[in-house]
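Novice: So here's structure-v2.cif, just mmCIF, C-alpha atoms:
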data_query
loop_
_atom_site.group_PDB
_atom_site.id
_atom_site.type_symbol
_atom_site.label_atom_id
_atom_site.label_comp_id
_atom_site.auth_asym_id
_atom_site.auth_seq_id
_atom_site.Cartn_x
_atom_site.Cartn_y
_atom_site.Cartn_z
ATOM 1 C CA MET E 180 117.336 122.345 160.624
ATOM 2 C CA THR E 181 119.755 120.176 162.590
ATOM 3 C CA ASP E 182 120.817 116.682 161.560
ATOM 4 C CA THR E 183 118.888 115.217 164.495
ATOM 5 C CA ARG E 184 115.683 116.948 163.423
ATOM 6 C CA ILE E 185 116.172 115.792 159.816
ATOM 7 C CA ARG E 186 116.600 112.185 160.946
ATOM 8 C CA GLU E 187 113.457 112.413 163.099
ATOM 9 C CA PHE E 188 111.482 113.857 160.187
ATOM 10 C CA GLU E 189 112.703 111.102 157.869
ATOM 11 C CA LYS E 190 111.802 108.487 160.503
ATOM 12 C CA GLU E 191 108.259 109.879 160.868
ATOM 13 C CA GLU E 192 107.814 109.981 157.105
ATOM 14 C CA LYS E 193 109.016 106.395 156.771
ATOM 15 C CA GLU E 194 106.649 105.232 159.519
ATOM 16 C CA THR E 195 103.758 106.957 157.745
ATOM 17 C CA GLU E 196 104.668 105.260 154.463
ATOM 18 C CA ASN E 197 104.791 101.877 156.187
ATOM 19 C CA GLU E 198 101.382 102.502 157.716
ATOM 20 C CA VAL E 199 99.917 103.374 154.317
ATOM 21 C CA GLU E 200 101.503 100.331 152.682
ATOM 22 C CA GLU E 201 100.250 98.041 155.440
ATOM 23 C CA GLY E 202 96.821 99.757 155.363
ATOM 24 C CA VAL E 203 96.431 99.642 159.189
ATOM 25 C CA CYS E 204 95.742 102.592 161.462
ATOM 26 C CA SER E 205 98.370 103.107 164.205
ATOM 27 C CA GLU E 206 95.726 104.306 166.704
ATOM 28 C CA CYS E 207 92.852 101.845 166.464
ATOM 29 C CA GLY E 208 94.093 99.217 164.025
ATOM 30 C CA GLY E 209 91.383 100.107 161.494
ATOM 31 C CA ARG E 210 91.756 99.993 157.716
ATOM 32 C CA LEU E 211 93.316 102.980 155.964
ATOM 33 C CA VAL E 212 91.635 104.317 152.833
ATOM 34 C CA ASN E 213 92.722 106.855 150.250
ATOM 35 C CA ASP E 214 90.466 109.938 150.013
ATOM 36 C CA GLU E 215 91.214 111.157 146.500
ATOM 37 C CA GLU E 216 89.061 114.288 146.783
ATOM 38 C CA ARG E 217 91.003 115.654 149.786
ATOM 39 C CA ALA E 218 94.329 114.024 148.849
ATOM 40 C CA GLU E 219 94.491 112.363 152.256
ATOM 41 C CA VAL E 220 94.884 108.893 153.750
ATOM 42 C CA ILE E 221 92.419 108.388 156.585
ATOM 43 C CA CYS E 222 91.233 105.621 158.878
ATOM 44 C CA GLU E 223 87.712 104.581 158.022
ATOM 45 C CA ASP E 224 87.004 103.681 161.672
ATOM 46 C CA CYS E 225 88.346 106.562 163.786
ATOM 47 C CA GLY E 226 88.909 109.164 161.046
ATOM 48 C CA LEU E 227 92.596 109.702 161.851
ATOM 49 C CA VAL E 228 94.431 111.467 159.002
ATOM 50 C CA THR E 229 97.713 109.620 158.557
ATOM 51 C CA GLU E 230 98.846 111.449 155.438
ATOM 52 C CA GLU E 231 97.844 114.662 153.680
ATOM 53 C CA ASP E 232 98.694 116.565 150.496
ATOM 54 C CA ARG E 233 99.312 113.339 148.612
ATOM 55 C CA ILE E 234 100.567 113.585 145.057
ATOM 56 C CA ASP E 235 97.947 112.529 142.527
ATOM 57 C CA PRO E 236 99.567 110.010 140.167
ATOM 58 C CA GLY E 237 96.735 110.342 137.637
ATOM 59 C CA PRO E 238 96.583 112.655 134.612
ATOM 60 C CA GLU E 239 96.065 116.388 135.002
ATOM 61 C CA TRP E 240 93.269 116.342 132.396
ATOM 62 C CA ARG E 241 89.696 115.095 132.572
ATOM 63 C CA ALA E 242 87.750 113.122 129.980
ATOM 64 C CA PHE E 243 84.024 112.503 129.824
ATOM 65 C CA ASN E 244 83.853 109.847 127.063
ATOM 66 C CA PRO E 245 86.159 107.169 125.578
ATOM 67 C CA GLN E 246 86.900 109.232 122.458
ATOM 68 C CA GLU E 247 88.066 112.213 124.494
ATOM 69 C CA ARG E 248 90.141 109.937 126.738
ATOM 70 C CA ASP E 249 91.896 108.372 123.728
ATOM 71 C CA ARG E 250 92.568 111.785 122.220
ATOM 72 C CA LYS E 251 94.141 113.206 125.384
ATOM 73 C CA SER E 252 96.065 110.111 126.421
ATOM 74 C CA ARG E 253 99.835 110.246 126.049
ATOM 75 C CA VAL E 254 100.601 106.543 126.335
ATOM 76 C CA GLY E 255 100.210 105.799 122.632
ATOM 77 C CA ALA E 256 97.776 103.684 120.703
ATOM 78 C CA PRO E 257 96.644 100.311 122.083
ATOM 79 C CA THR E 258 97.898 97.104 120.548
ATOM 80 C CA THR E 259 95.920 95.840 117.589
ATOM 81 C CA THR E 260 95.840 92.607 115.601
ATOM 82 C CA MET E 261 95.372 94.611 112.390
ATOM 83 C CA MET E 262 99.115 95.284 112.204
ATOM 84 C CA HIS E 263 101.735 92.566 111.812
ATOM 85 C CA ASP E 264 103.709 93.873 114.814
ATOM 86 C CA LYS E 265 100.481 94.686 116.748
ATOM 87 C CA GLY E 266 101.376 98.387 116.576
ATOM 88 C CA LEU E 267 104.310 98.125 118.983
ATOM 89 C CA SER E 268 107.010 99.349 116.605
ATOM 90 C CA THR E 269 107.815 102.966 115.789
ATOM 91 C CA ASN E 270 106.366 104.640 112.715
ATOM 92 C CA ILE E 271 108.077 107.581 111.021
ATOM 93 C CA GLY E 272 105.506 110.020 109.641
ATOM 94 C CA TRP E 273 105.448 110.744 105.920
ATOM 95 C CA GLN E 274 105.169 114.513 106.377
ATOM 96 C CA ASP E 275 108.513 116.242 105.792
ATOM 97 C CA LYS E 276 107.988 118.710 108.630
ATOM 98 C CA ASP E 277 109.549 119.240 112.042
ATOM 99 C CA ALA E 278 107.815 119.523 115.430
ATOM 100 C CA TYR E 279 106.949 123.179 114.747
ATOM 101 C CA GLY E 280 105.332 122.459 111.378
ATOM 102 C CA LYS E 281 108.195 123.881 109.337
ATOM 103 C CA SER E 282 109.309 122.145 106.156
ATOM 104 C CA LEU E 283 112.570 120.235 106.295
ATOM 105 C CA SER E 284 115.542 121.147 104.207
ATOM 106 C CA PRO E 285 116.380 118.960 101.175
ATOM 107 C CA ARG E 286 119.232 117.336 103.088
ATOM 108 C CA GLN E 287 116.970 116.550 106.059
ATOM 109 C CA ARG E 288 114.234 115.184 103.769
ATOM 110 C CA GLU E 289 116.732 112.839 102.171
ATOM 111 C CA LYS E 290 117.852 111.693 105.613
ATOM 112 C CA MET E 291 114.266 111.076 106.774
ATOM 113 C CA GLN E 292 113.497 109.114 103.611
ATOM 114 C CA ARG E 293 116.508 106.891 104.266
ATOM 115 C CA LEU E 294 115.372 106.392 107.869
ATOM 116 C CA ARG E 295 111.869 105.441 106.725
ATOM 117 C CA ARG E 296 113.293 102.889 104.319
ATOM 118 C CA TRP E 297 115.466 101.259 106.968
ATOM 119 C CA ASN E 298 112.634 101.403 109.506
ATOM 120 C CA GLU E 299 110.371 99.463 107.122
ATOM 121 C CA ARG E 300 113.096 96.863 106.614
ATOM 122 C CA PHE E 301 113.625 96.363 110.335
ATOM 123 C CA ARG E 302 109.898 96.091 111.102
ATOM 124 C CA THR E 303 109.741 92.738 109.284
ATOM 125 C CA ARG E 304 112.421 90.392 110.545
ATOM 126 C CA ASN E 305 111.530 87.258 108.599
ATOM 127 C CA SER E 306 109.382 85.935 105.764
ATOM 128 C CA LYS E 307 106.479 85.140 108.080
ATOM 129 C CA GLU E 308 106.215 88.748 109.222
ATOM 130 C CA ARG E 309 106.494 89.989 105.628
ATOM 131 C CA ASN E 310 103.697 87.615 104.671
ATOM 132 C CA LEU E 311 101.540 88.862 107.542
ATOM 133 C CA LYS E 312 102.229 92.501 106.731
ATOM 134 C CA GLN E 313 101.189 92.056 103.110
ATOM 135 C CA ALA E 314 98.030 90.120 104.028
ATOM 136 C CA LEU E 315 96.871 92.584 106.688
ATOM 137 C CA GLY E 316 97.414 95.456 104.282
ATOM 138 C CA GLU E 317 95.278 93.617 101.728
ATOM 139 C CA ILE E 318 92.530 93.032 104.311
ATOM 140 C CA ASP E 319 92.537 96.706 105.256
ATOM 141 C CA ARG E 320 92.329 97.768 101.597
ATOM 142 C CA MET E 321 89.372 95.498 100.812
ATOM 143 C CA ALA E 322 87.546 96.359 104.045
ATOM 144 C CA SER E 323 87.869 100.060 103.268
ATOM 145 C CA ALA E 324 86.517 99.538 99.759
ATOM 146 C CA LEU E 325 83.552 97.569 101.147
ATOM 147 C CA GLY E 326 82.874 99.966 104.025
ATOM 148 C CA LEU E 327 83.308 97.283 106.682
ATOM 149 C CA PRO E 328 83.699 98.383 110.335
ATOM 150 C CA GLU E 329 86.819 97.910 112.450
ATOM 151 C CA ASN E 330 85.560 94.837 114.312
ATOM 152 C CA VAL E 331 85.304 92.959 110.989
ATOM 153 C CA ARG E 332 88.904 93.869 110.134
ATOM 154 C CA GLU E 333 90.120 92.706 113.532
ATOM 155 C CA MET E 334 88.278 89.397 113.218
ATOM 156 C CA ALA E 335 89.690 88.886 109.712
ATOM 157 C CA SER E 336 93.201 89.582 111.032
ATOM 158 C CA VAL E 337 92.756 86.973 113.767
ATOM 159 C CA ILE E 338 91.503 84.393 111.250
ATOM 160 C CA TYR E 339 94.463 85.021 108.952
ATOM 161 C CA ARG E 340 96.931 84.770 111.846
ATOM 162 C CA ARG E 341 95.416 81.405 112.796
ATOM 163 C CA ALA E 342 95.713 80.181 109.209
ATOM 164 C CA LEU E 343 99.341 81.308 109.093
ATOM 165 C CA ASN E 344 100.211 79.668 112.426
ATOM 166 C CA ASP E 345 98.503 76.406 111.366
ATOM 167 C CA ASP E 346 100.554 76.375 108.149
ATOM 168 C CA LEU E 347 97.519 76.518 105.843
ATOM 169 C CA LEU E 348 99.058 78.870 103.274
ATOM 170 C CA PRO E 349 101.351 76.568 101.227
ATOM 171 C CA GLY E 350 99.841 76.131 97.776
ATOM 172 C CA ARG E 351 97.545 79.147 98.172
ATOM 173 C CA SER E 352 98.032 82.826 97.454
ATOM 174 C CA ILE E 353 98.273 85.415 100.209
ATOM 175 C CA GLU E 354 95.508 87.453 98.556
ATOM 176 C CA GLY E 355 93.222 84.413 98.363
ATOM 177 C CA VAL E 356 93.544 83.513 102.050
ATOM 178 C CA ALA E 357 93.232 87.176 103.090
ATOM 179 C CA THR E 358 90.036 87.551 101.037
ATOM 180 C CA ALA E 359 88.604 84.318 102.446
ATOM 181 C CA ALA E 360 89.403 85.508 105.997
ATOM 182 C CA LEU E 361 87.605 88.812 105.364
ATOM 183 C CA TYR E 362 84.565 87.055 103.893
ATOM 184 C CA ALA E 363 84.370 84.669 106.860
ATOM 185 C CA SER E 364 84.790 87.550 109.301
ATOM 186 C CA ALA E 365 81.963 89.524 107.688
ATOM 187 C CA ARG E 366 79.711 86.467 107.940
ATOM 188 C CA GLN E 367 80.620 85.827 111.585
ATOM 189 C CA THR E 368 80.113 89.430 112.728
ATOM 190 C CA GLY E 369 76.694 89.782 111.113
ATOM 191 C CA THR E 370 77.756 92.300 108.441
ATOM 192 C CA PRO E 371 77.853 90.018 105.408
ATOM 193 C CA ARG E 372 78.895 90.944 101.910
ATOM 194 C CA SER E 373 78.069 88.845 98.886
ATOM 195 C CA LEU E 374 80.695 86.820 97.068
ATOM 196 C CA ASP E 375 80.327 89.121 94.061
ATOM 197 C CA GLU E 376 81.001 92.214 96.194
ATOM 198 C CA ILE E 377 84.053 90.590 97.783
ATOM 199 C CA SER E 378 85.450 89.361 94.467
ATOM 200 C CA ASP E 379 84.986 92.819 92.900
ATOM 201 C CA VAL E 380 87.501 94.365 95.314
ATOM 202 C CA SER E 381 89.754 91.299 95.559
ATOM 203 C CA ARG E 382 92.740 90.387 93.418
ATOM 204 C CA VAL E 383 91.565 86.767 93.094
ATOM 205 C CA ASP E 384 88.685 85.369 91.065
ATOM 206 C CA LYS E 385 85.431 84.139 92.544
ATOM 207 C CA MET E 386 86.240 80.437 92.071
ATOM 208 C CA GLU E 387 89.536 80.653 93.970
ATOM 209 C CA LEU E 388 87.845 82.694 96.706
ATOM 210 C CA THR E 389 85.092 80.088 97.161
ATOM 211 C CA ARG E 390 87.545 77.183 97.237
ATOM 212 C CA THR E 391 89.898 78.904 99.711
ATOM 213 C CA TYR E 392 87.027 80.023 101.933
ATOM 214 C CA ARG E 393 85.667 76.492 102.287
ATOM 215 C CA TYR E 394 89.143 75.163 103.034
ATOM 216 C CA ILE E 395 89.855 77.804 105.717
ATOM 217 C CA VAL E 396 86.479 77.298 107.414
ATOM 218 C CA ARG E 397 86.920 73.532 107.456
ATOM 219 C CA GLN E 398 90.510 73.501 108.675
ATOM 220 C CA LEU E 399 90.047 76.146 111.383
ATOM 221 C CA GLY E 400 86.657 74.839 112.495
ATOM 222 C CA LEU E 401 84.969 78.224 112.127
ATOM 223 C CA GLU E 402 81.300 78.362 113.051
ATOM 224 C CA VAL E 403 79.775 80.355 110.214
ATOM 225 C CA GLN E 404 76.003 80.507 110.100
ATOM 226 C CA PRO E 405 74.179 80.773 106.753
ATOM 227 C CA ALA E 406 73.774 84.389 105.694
ATOM 228 C CA ASP E 407 70.430 85.874 106.697
ATOM 229 C CA PRO E 408 68.709 87.813 103.866
ATOM 230 C CA VAL E 409 67.356 90.259 106.456
ATOM 231 C CA SER E 410 70.897 91.442 107.281
ATOM 232 C CA TYR E 411 71.230 92.884 103.752
ATOM 233 C CA LEU E 412 68.057 94.985 103.942
ATOM 234 C CA PRO E 413 69.286 98.119 105.813
ATOM 235 C CA ARG E 414 72.197 98.689 103.439
ATOM 236 C CA PHE E 415 70.229 98.089 100.245
ATOM 237 C CA THR E 416 67.198 100.154 101.274
ATOM 238 C CA SER E 417 69.494 103.004 102.308
ATOM 239 C CA GLU E 418 71.252 103.014 98.940
ATOM 240 C CA LEU E 419 67.871 102.987 97.150
ATOM 241 C CA ASN E 420 66.496 105.784 99.384
ATOM 242 C CA LEU E 421 63.484 103.721 100.423
ATOM 243 C CA SER E 422 61.396 104.433 103.508
ATOM 244 C CA GLU E 423 61.438 102.580 106.818
ATOM 245 C CA GLU E 424 57.991 101.230 105.980
ATOM 246 C CA ALA E 425 59.383 99.578 102.853
ATOM 247 C CA GLU E 426 62.188 98.006 104.860
ATOM 248 C CA ARG E 427 59.690 96.742 107.428
ATOM 249 C CA ARG E 428 57.481 95.204 104.716
ATOM 250 C CA ALA E 429 60.530 93.562 103.127
ATOM 251 C CA ARG E 430 61.455 92.111 106.516
ATOM 252 C CA GLU E 431 57.930 90.719 106.918
ATOM 253 C CA LEU E 432 58.066 89.120 103.464
ATOM 254 C CA LEU E 433 61.350 87.393 104.274
ATOM 255 C CA GLN E 434 60.078 86.162 107.631
ATOM 256 C CA ALA E 435 57.016 84.656 105.938
ATOM 257 C CA ALA E 436 59.275 83.006 103.363
ATOM 258 C CA LYS E 437 61.389 81.470 106.144
ATOM 259 C CA LYS E 438 58.307 79.911 107.725
ATOM 260 C CA ASP E 439 57.436 78.276 104.394
ATOM 261 C CA GLY E 440 61.052 77.139 103.852
ATOM 262 C CA LEU E 441 61.242 79.211 100.676
ATOM 263 C CA HIS E 442 64.753 80.466 101.484
ATOM 264 C CA SER E 443 66.295 76.985 101.448
ATOM 265 C CA GLY E 444 68.804 76.566 98.629
ATOM 266 C CA LYS E 445 68.401 80.147 97.370
ATOM 267 C CA SER E 446 70.832 83.036 97.402
ATOM 268 C CA PRO E 447 70.228 85.300 100.410
ATOM 269 C CA VAL E 448 71.209 88.360 98.368
ATOM 270 C CA GLY E 449 68.691 87.416 95.667
ATOM 271 C CA LEU E 450 65.942 86.994 98.251
ATOM 272 C CA ALA E 451 66.802 90.344 99.846
ATOM 273 C CA ALA E 452 66.713 92.097 96.464
ATOM 274 C CA ALA E 453 63.360 90.511 95.579
ATOM 275 C CA ALA E 454 61.895 91.406 98.988
ATOM 276 C CA ILE E 455 62.959 95.022 98.575
ATOM 277 C CA TYR E 456 61.361 95.262 95.127
ATOM 278 C CA ALA E 457 58.154 93.605 96.329
ATOM 279 C CA ALA E 458 58.004 95.863 99.394
ATOM 280 C CA ALA E 459 58.457 98.939 97.198
ATOM 281 C CA LEU E 460 55.458 97.845 95.124
ATOM 282 C CA LEU E 461 53.361 97.279 98.236
ATOM 283 C CA THR E 462 54.214 100.712 99.658
ATOM 284 C CA ASN E 463 53.785 102.506 96.295
ATOM 285 C CA GLU E 464 57.388 103.662 96.144
ATOM 286 C CA LYS E 465 58.957 104.169 92.765
ATOM 287 C CA VAL E 466 61.867 101.837 92.198
ATOM 288 C CA THR E 467 62.595 99.767 89.106
ATOM 289 C CA GLN E 468 63.997 96.265 88.820
ATOM 290 C CA SER E 469 67.062 97.639 87.064
ATOM 291 C CA GLU E 470 67.774 100.018 89.973
ATOM 292 C CA VAL E 471 67.462 97.204 92.498
ATOM 293 C CA SER E 472 69.624 95.014 90.276
ATOM 294 C CA GLU E 473 72.349 97.656 90.046
ATOM 295 C CA VAL E 474 72.509 98.198 93.814
ATOM 296 C CA THR E 475 72.273 94.547 94.869
ATOM 297 C CA ASP E 476 74.251 93.062 91.944
ATOM 298 C CA VAL E 477 71.443 90.570 91.315
ATOM 299 C CA SER E 478 70.038 89.944 87.831
ATOM 300 C CA GLU E 479 66.589 91.277 86.964
ATOM 301 C CA VAL E 480 65.466 87.751 86.063
ATOM 302 C CA THR E 481 66.233 86.534 89.568
ATOM 303 C CA ILE E 482 64.406 89.500 91.081
ATOM 304 C CA ARG E 483 61.297 88.826 88.963
ATOM 305 C CA ASN E 484 61.215 85.144 89.858
ATOM 306 C CA ARG E 485 61.853 85.602 93.557
ATOM 307 C CA TYR E 486 59.551 88.525 94.242
ATOM 308 C CA LYS E 487 56.559 86.644 92.820
ATOM 309 C CA GLU E 488 57.359 83.697 95.086
ATOM 310 C CA LEU E 489 57.620 86.012 98.099
ATOM 311 C CA LEU E 490 54.256 87.652 97.378
ATOM 312 C CA GLU E 491 52.588 84.270 96.918
ATOM 313 C CA SER E 492 54.044 83.026 100.187
ATOM 314 C CA ALA E 493 52.866 86.147 102.030
ATOM 315 C CA GLU E 494 49.353 85.840 100.548
ATOM 316 C CA ALA E 495 49.162 82.172 101.529
ATOM 317 C CA GLY E 496 50.230 83.032 105.066
ATOM 318 C CA THR E 497 47.607 85.780 105.307
ATOM 319 C CA ALA E 498 44.860 83.469 104.001
ATOM 320 C CA ALA E 499 45.808 80.776 106.483
#
As structure tokens, please, write out the structure in this file.
Specialist:
Amino acid sequence: MTDTRIREFEKEEKETENEVEEGVCSECGGRLVNDEERAEVICEDCGLVTEEDRIDPGPEWRAFNPQERDRKSRVGAPTTTMMHDKGLSTNIGWQDKDAYGKSLSPRQREKMQRLRRWNERFRTRNSKERNLKQALGEIDRMASALGLPENVREMASVIYRRALNDDLLPGRSIEGVATAALYASARQTGTPRSLDEISDVSRVDKMELTRTYRYIVRQLGLEVQPADPVSYLPRFTSELNLSEEAERRARELLQAAKKDGLHSGKSPVGLAAAAIYAAALLTNEKVTQSEVSEVTDVSEVTIRNRYKELLESAEAGTAA
């Protein structure tokens, strides 16, 4: 091919690129569109093909659901608030194996261990990041122990970051603020856990947790609605192996109690436990007060007192 022909070819190619960039057909002035199925650029008015055999910039694989797309993607994990650096830094795996799955030599293992140590040091540049790293690790540990979903962990991480940015931590422990953030997050997302359940997995006592929680909610202006006893029913009935009918009857008992204002000033967990026991009696399912007490962490005395009140309220509502 001569130099003249090469220059003409380059000129034609450049003109085609300009047409595609401008999105205007050179024949009729219509709008150019990209036909991905045929790998062509065509005019939607006259049908003129201005470019063919276009290179597809997309991936060579196909995915039919979000999970498959995340598994096949090669761009790395998305950013997350559950890590102090939002997941943007590099992690060195703990497995002492190479890319082919072969074990490293003792000298290489020692080198990788040294690299991991320095990598951890460089990931936290100041005391604020070290504080955040410790707190988010504590939130993740407690959420795993309580079986809380990922959205609760993310919300708790956001709450803790706000508390840290607003300088609310002086005079309070990192564990206390992290636990309070997780408790508030569980309440806000509709997956509540009782104070006793939270304090069982926390490294702070119940009194400090309550005091820190109230302070965080007040200072950050969090809108936390009172816990609904109904939200505890699915988890408790599942752990007690009760039927759906029993859960439905327990829900009806709690709704009747709300209409009578019986839930005011009473523990939502205690009301849920009492409703479950009363519903089990009504549906002739075998469950003892001690079993309900063990699962819900509510005393048998409270269950006895509350379930009688719930039955009386339901009977009064039926009579009316």
Novice: Which is closer to Ala454 of chain E than all the others in E:Asp232, E:Asp439, E:Glu431, E:Glu299, using all atoms listed in the file?
Specialist: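 Using all atoms listed in the file, Ala454 of chain E sits closest to E:Glu431.
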Novice: Name the residues captured by the PyMOL selection byres ((chain E and resi 270-281) around 9) when it is applied to the shown file; answer as a PDB file with C-alpha atoms, keeping the file's coordinate frame.
Specialist:
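Contents of part_36.pdb, freshly written:
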ATOM      1  CA  GLY E 266     101.376  98.387 116.576  1.00  0.00           C
ATOM      2  CA  SER E 268     107.010  99.349 116.605  1.00  0.00           C
ATOM      3  CA  THR E 269     107.815 102.966 115.789  1.00  0.00           C
ATOM      4  CA  SER E 282     109.309 122.145 106.156  1.00  0.00           C
ATOM      5  CA  LEU E 283     112.570 120.235 106.295  1.00  0.00           C
ATOM      6  CA  SER E 284     115.542 121.147 104.207  1.00  0.00           C
ATOM      7  CA  GLN E 287     116.970 116.550 106.059  1.00  0.00           C
ATOM      8  CA  ARG E 288     114.234 115.184 103.769  1.00  0.00           C
ATOM      9  CA  MET E 291     114.266 111.076 106.774  1.00  0.00           C
ATOM     10  CA  GLN E 292     113.497 109.114 103.611  1.00  0.00           C
ATOM     11  CA  LEU E 294     115.372 106.392 107.869  1.00  0.00           C
ATOM     12  CA  ARG E 295     111.869 105.441 106.725  1.00  0.00           C
ATOM     13  CA  ASN E 298     112.634 101.403 109.506  1.00  0.00           C
ATOM     14  CA  GLU E 299     110.371  99.463 107.122  1.00  0.00           C
TER      15      GLU E 299
END
Novice: Can you tell me, as a ChimeraX atom specification, what residues are no more than 10 Å from Val203 of chain E when counting all atoms listed in the file, ignoring any on the same chain fewer than 6 positions away?
Specialist: /E:197,209-212,221-222
Novice: Would you mind reading off the distance between atom CA of Ala429 of chain E and atom CA of Lys445 of chain E, one decimal, in Å?
Specialist: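 That distance, rounded to one decimal, is 16.6 Å.
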Novice: Considering only C-alpha atoms, state which residue in the set E:Arg428, E:Arg485, E:Lys307, E:Arg341 is at the smallest distance from Val356 of chain E.
Specialist: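 Using only C-alpha atoms, the shortest distance to Val356 of chain E belongs to E:Arg341.
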Novice: Residues around (53.9, 85.4, 100.8), cut-off 6 Å, counting only C-alpha atoms - what are they as a list in words?
Specialist: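 The residues that fall inside the cut-off are Leu489, Leu490, Glu491, Ser492, Ala493, Glu494 and Ala495 of chain E.
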Novice: Quick one: residues within 12 Å of Ile234 of chain E, all atoms listed in the file, excluding same-chain residues fewer than 5 positions away - as a VMD selection string?
Specialist: chain E and resid 213 to 220 239
Novice: Go through E:Asp476, E:Glu230, E:Asp345, E:Glu247 and flag the residue nearest Leu374 of chain E, using only C-alpha atoms for the distances.
Specialist: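 Looking only at the distances to Leu374 of chain E, the closest residue turns out to be E:Asp476.
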Novice: Write only C-alpha atoms for segment 316-339 of chain E from the block just shown, as a compact mmCIF listing (two decimals), in the first residue's frame.
Specialist:
# COMPACT_ATOMS: atom_id res chain seq x y z
CA GLY E 316 -13.67 -4.54 63.93
CA GLU E 317 -15.61 -4.56 67.20
CA ILE E 318 -18.88 -3.81 65.38
CA ASP E 319 -18.25 -6.64 62.94
CA ARG E 320 -17.47 -9.08 65.77
CA MET E 321 -20.64 -8.26 67.72
CA ALA E 322 -22.84 -8.25 64.61
CA SER E 323 -21.55 -11.70 63.67
CA ALA E 324 -22.26 -13.02 67.15
CA LEU E 325 -25.80 -11.60 67.03
CA GLY E 326 -26.49 -12.74 63.46
CA LEU E 327 -27.21 -9.23 62.21
CA PRO E 328 -27.32 -8.63 58.43
CA GLU E 329 -24.88 -6.49 56.46
CA ASN E 330 -27.13 -3.43 56.24
CA VAL E 331 -27.13 -3.18 60.06
CA ARG E 332 -23.32 -3.28 60.12
CA GLU E 333 -23.10 -0.57 57.47
CA MET E 334 -25.53 1.66 59.35
CA ALA E 335 -23.59 1.13 62.59
CA SER E 336 -20.35 2.05 60.80
CA VAL E 337 -21.91 5.28 59.52
CA ILE E 338 -23.17 6.17 63.01
CA TYR E 339 -19.75 5.57 64.54
